[in-house]
Amino acid sequence: MKFAIGTPPVDVTANFDTGSAMTWIQCLPCNPCFGQKDAIFDPSKSASIKSVACDSDECAKAEVTTCENASCTYMMHYGDGSTTKGSVNTDSFAFPTTSGSIAILTSVVFGCGHQNAGIYIEEQQGIIGFSMSPRSFIGNMGYKQFSYCLPTYSFTDSGSYLLVGADALLSGGATIIAEEYAPMYYVNLDDITVGSIRLHLEFGYFRRTPVGGVGTIMDSGTPVTWLRDKGYVNVTNELINQIKLERSPNDQYLCYKGTRDDLQKNVPSLIFHFEDLDVPIPQESAFREVTPGVICLMMLPSDGLSIFGRILFLTEKLKSVKFFIPGVLMGIRIQQKEKTEIPKHFKKVLTKQTL
């Protein structure tokens with residue numbers, strides 16, 4: 001997700017993450033630093049940045065904070081082992097709109113990561129948190145709904161859009177988000193179809209329950225989909241039964257010798273059956289050509305939580321995914337990319353500017 005921070009504004013790219021509350025950017029000085037393609041943000045060059053005191057309301061709005069040298073400090077640990085630690089600040093955030101204008105939000109609470117280690121891609125400078133937590137970006141700014149659209153995997157440079165506020169209208173099918181298990185977006189996955197074969201998995205196996213069910217979450221920050229162990233075994237066994245391509249050895253993924261052209265002819269599509277919502281997963285989303293001549297299923301087994309990852313949304317048509325917190329609904333719509341209106345809920349809009 002591209003936006004700008006500070007005065008004057010500096011372009012940054014952060015991972016849009018529905019599984020995280022904390023918004024942070026790698027900042028100078030940092031030790032250790034992760035490798036990133038663009039210049040590291042230097043907070044000393046922003047005229048509008050302000051540090052946050054430990055006893056302030058702004059510090060309370062950040063996730064996992066402590067007090068070090070009278071300054072509010074955050075620290076985050078992620079499931080893949082990555083970590084980040086740094087100072088909590090406020091600054092202006094500027095977002096490009098679909099019309100080419102710029103929407104500016106002032107006094108946004110975010111972290112400056114000065115100690116960052118783990119698995120980060122070079123295009124990423126940090127994370128912008130969109131979980132249901134009141135401490136997330138969307139929670140801090142007071143927005144109650146948002147929608148995002150992902151481009152086809154083959155044309156990821158074409159970009160996509162994110163709408164926040166009342167303009168994020170829900171259309172198409174919807175499923176319930178289990179609000180009682182916030183801040184994660186828990187959904188009720190009930191069954192999976194492989195090709196024309198419905199697996200008839202044990203009802204409730206993927207659901208979160210008070211007595212041991214670990215559940216399924218929607219997480220834009222996780223690339224692959226993780227399925228609870230027995231569900232993963234059933235899906236992969238049925239795929240093996242139906243796919244006649246030669247297997248390709250791989251220690252983690254189910255892989256075959258083939259190219260993207262083989263997917264439509266030799267690989268079945270999937271359907272994820274959520275409560276009141278069936279989500280078709282075409283072959284080009286379920287499988288990827290990871291190296292020339294090798295296609296792999298973008299799913300892995302989990303011994304607990306199931307995670308519906310973002311790669312499954314990358315289809316030949318754009319899928320609009322909409323989260324409505326007050327109504328605790330999550331909707332998915334398959335659509336062609338279309339023109340959208342400028343959101344009306346920003347502090348200030350400057351026209352005829354681009355980032």
# chains A, B, ... in the order shown; residues from 1 in each chain; ligands from 1
>>> closest_atom_pairs(of="segment 52-101 of chain A", to="segment 221-235 of chain A", cutoff="12 Å", atoms="only C-alpha atoms", output="tab-separated table")
residue	atom	partner	partner_atom	distance
A:Tyr78	CA	A:Gly221	CA	10.6
A:Gly79	CA	A:Thr222	CA	9.7
A:Asp80	CA	A:Thr222	CA	9.7
>>> write_last_selection(atoms="N, CA and C atoms", output="PDB file, in the first residue's frame")
ATOM      1  N   TYR A  78       5.915 -11.324  15.230  1.00  0.00           N
ATOM      2  CA  TYR A  78       4.994 -11.893  14.255  1.00  0.00           C
ATOM      3  C   TYR A  78       5.158 -13.408  14.181  1.00  0.00           C
ATOM      4  N   GLY A  79       4.152 -14.050  13.591  1.00  0.00           N
ATOM      5  CA  GLY A  79       4.119 -15.498  13.567  1.00  0.00           C
ATOM      6  C   GLY A  79       5.287 -16.142  12.832  1.00  0.00           C
ATOM      7  N   ASP A  80       5.874 -15.430  11.856  1.00  0.00           N
ATOM      8  CA  ASP A  80       6.996 -15.990  11.113  1.00  0.00           C
ATOM      9  C   ASP A  80       8.336 -15.744  11.794  1.00  0.00           C
TER      10      ASP A  80
END
>>> residues_around(residues="Glu63 of chain A", least_positions_apart="3", cutoff="8 Å", atoms="only C-alpha atoms", output="VMD selection string")
chain A and resid 21 to 22 60 74 to 75 135 to 136
>>> select_by_dssp(residues="segment 148-267 of chain A", states="strand (DSSP E or B)", output="JSON, numbers by chain")
{"A": [148, 149, 150, 162, 163, 164, 173, 174, 175, 176, 177, 186, 187, 189, 190, 191, 192, 193, 194, 197, 198, 208, 214, 216, 217, 218, 225, 226, 227, 228, 247, 255, 256, 257]}
>>> write_last_selection(atoms="C-alpha atoms", output="short mmCIF file (atom, residue, chain, number, x, y, z; two decimals), in the first residue's frame")
data_model
loop_
_atom_site.label_atom_id
_atom_site.label_comp_id
_atom_site.auth_asym_id
_atom_site.auth_seq_id
_atom_site.Cartn_x
_atom_site.Cartn_y
_atom_site.Cartn_z
CA TYR A 148 -9.85 -3.56 -0.82
CA CYS A 149 -9.35 -5.00 -4.26
CA LEU A 150 -6.44 -7.12 -5.43
CA LEU A 162 -8.57 0.60 -1.01
CA LEU A 163 -11.70 2.44 0.12
CA VAL A 164 -12.26 3.52 3.71
CA GLY A 173 -22.45 -12.23 -0.96
CA ALA A 174 -21.50 -11.82 2.70
CA THR A 175 -20.53 -13.96 5.64
CA ILE A 176 -20.49 -13.28 9.37
CA ILE A 177 -17.33 -12.09 11.15
CA TYR A 186 -12.63 -14.81 12.29
CA VAL A 187 -14.98 -16.35 9.73
CA LEU A 189 -15.38 -21.95 7.09
CA ASP A 190 -17.63 -25.03 6.88
CA ASP A 191 -16.49 -27.11 3.91
CA ILE A 192 -14.37 -27.23 0.73
CA THR A 193 -15.11 -28.53 -2.77
CA VAL A 194 -12.33 -29.84 -5.03
CA ILE A 197 -16.25 -33.34 -5.24
CA ARG A 198 -17.50 -31.79 -2.02
CA ARG A 208 -13.60 -20.92 16.49
CA VAL A 214 -9.17 -22.64 16.89
CA THR A 216 -10.25 -19.53 10.59
CA ILE A 217 -9.19 -15.93 9.98
CA MET A 218 -8.98 -13.71 6.89
CA THR A 225 -3.41 -20.22 2.95
CA TRP A 226 -2.96 -22.44 6.01
CA LEU A 227 -5.51 -25.19 6.62
CA ARG A 228 -5.92 -27.11 9.86
CA ARG A 247 4.59 -34.83 -9.18
CA CYS A 255 3.91 -29.54 -6.52
CA TYR A 256 3.64 -30.85 -10.08
CA LYS A 257 5.65 -30.59 -13.25
#
>>> atom_distance(atom1="atom CA of Lys50 of chain A", atom2="atom CA of His77 of chain A")
24.7 Å
>>> select_by_dssp(residues="segment 162-243 of chain A", states="alpha helix (DSSP H)", output="PDB file with N, CA, C and O atoms, in the first residue's frame")
ATOM      1  N   ASP A 229      -4.797 -29.253   9.982  1.00  0.00           N
ATOM      2  CA  ASP A 229      -4.160 -30.460   9.445  1.00  0.00           C
ATOM      3  C   ASP A 229      -5.085 -31.445   8.726  1.00  0.00           C
ATOM      4  O   ASP A 229      -4.843 -31.797   7.567  1.00  0.00           O
ATOM      5  N   LYS A 230      -6.167 -31.889   9.366  1.00  0.00           N
ATOM      6  CA  LYS A 230      -7.022 -32.884   8.711  1.00  0.00           C
ATOM      7  C   LYS A 230      -7.697 -32.312   7.464  1.00  0.00           C
ATOM      8  O   LYS A 230      -7.875 -33.020   6.467  1.00  0.00           O
ATOM      9  N   GLY A 231      -8.064 -31.049   7.515  1.00  0.00           N
ATOM     10  CA  GLY A 231      -8.656 -30.411   6.343  1.00  0.00           C
ATOM     11  C   GLY A 231      -7.668 -30.333   5.198  1.00  0.00           C
ATOM     12  O   GLY A 231      -8.005 -30.609   4.040  1.00  0.00           O
ATOM     13  N   TYR A 232      -6.409 -29.989   5.521  1.00  0.00           N
ATOM     14  CA  TYR A 232      -5.364 -29.929   4.497  1.00  0.00           C
ATOM     15  C   TYR A 232      -5.145 -31.307   3.865  1.00  0.00           C
ATOM     16  O   TYR A 232      -5.022 -31.429   2.642  1.00  0.00           O
ATOM     17  N   VAL A 233      -5.101 -32.341   4.691  1.00  0.00           N
ATOM     18  CA  VAL A 233      -4.892 -33.704   4.178  1.00  0.00           C
ATOM     19  C   VAL A 233      -6.025 -34.092   3.233  1.00  0.00           C
ATOM     20  O   VAL A 233      -5.788 -34.671   2.156  1.00  0.00           O
ATOM     21  N   ASN A 234      -7.264 -33.780   3.599  1.00  0.00           N
ATOM     22  CA  ASN A 234      -8.398 -34.131   2.739  1.00  0.00           C
ATOM     23  C   ASN A 234      -8.345 -33.392   1.411  1.00  0.00           C
ATOM     24  O   ASN A 234      -8.636 -33.968   0.351  1.00  0.00           O
ATOM     25  N   VAL A 235      -8.001 -32.110   1.448  1.00  0.00           N
ATOM     26  CA  VAL A 235      -7.912 -31.327   0.210  1.00  0.00           C
ATOM     27  C   VAL A 235      -6.809 -31.860  -0.687  1.00  0.00           C
ATOM     28  O   VAL A 235      -7.004 -32.087  -1.886  1.00  0.00           O
ATOM     29  N   THR A 236      -5.632 -32.067  -0.138  1.00  0.00           N
ATOM     30  CA  THR A 236      -4.503 -32.509  -0.962  1.00  0.00           C
ATOM     31  C   THR A 236      -4.705 -33.938  -1.478  1.00  0.00           C
ATOM     32  O   THR A 236      -4.310 -34.242  -2.609  1.00  0.00           O
ATOM     33  N   ASN A 237      -5.311 -34.802  -0.679  1.00  0.00           N
ATOM     34  CA  ASN A 237      -5.577 -36.167  -1.159  1.00  0.00           C
ATOM     35  C   ASN A 237      -6.519 -36.148  -2.357  1.00  0.00           C
ATOM     36  O   ASN A 237      -6.320 -36.895  -3.331  1.00  0.00           O
ATOM     37  N   GLU A 238      -7.542 -35.295  -2.306  1.00  0.00           N
ATOM     38  CA  GLU A 238      -8.470 -35.225  -3.427  1.00  0.00           C
ATOM     39  C   GLU A 238      -7.813 -34.584  -4.643  1.00  0.00           C
ATOM     40  O   GLU A 238      -8.066 -34.998  -5.782  1.00  0.00           O
ATOM     41  N   LEU A 239      -6.961 -33.602  -4.434  1.00  0.00           N
ATOM     42  CA  LEU A 239      -6.219 -33.021  -5.560  1.00  0.00           C
ATOM     43  C   LEU A 239      -5.317 -34.072  -6.206  1.00  0.00           C
ATOM     44  O   LEU A 239      -5.235 -34.165  -7.438  1.00  0.00           O
ATOM     45  N   ILE A 240      -4.651 -34.864  -5.398  1.00  0.00           N
ATOM     46  CA  ILE A 240      -3.778 -35.924  -5.920  1.00  0.00           C
ATOM     47  C   ILE A 240      -4.593 -36.928  -6.725  1.00  0.00           C
ATOM     48  O   ILE A 240      -4.148 -37.429  -7.775  1.00  0.00           O
ATOM     49  N   ASN A 241      -5.813 -37.222  -6.264  1.00  0.00           N
ATOM     50  CA  ASN A 241      -6.680 -38.153  -7.005  1.00  0.00           C
ATOM     51  C   ASN A 241      -7.069 -37.600  -8.372  1.00  0.00           C
ATOM     52  O   ASN A 241      -7.212 -38.352  -9.341  1.00  0.00           O
ATOM     53  N   GLN A 242      -7.262 -36.287  -8.458  1.00  0.00           N
ATOM     54  CA  GLN A 242      -7.793 -35.695  -9.681  1.00  0.00           C
ATOM     55  C   GLN A 242      -6.718 -35.196 -10.650  1.00  0.00           C
ATOM     56  O   GLN A 242      -6.955 -35.130 -11.855  1.00  0.00           O
TER      57      GLN A 242
END
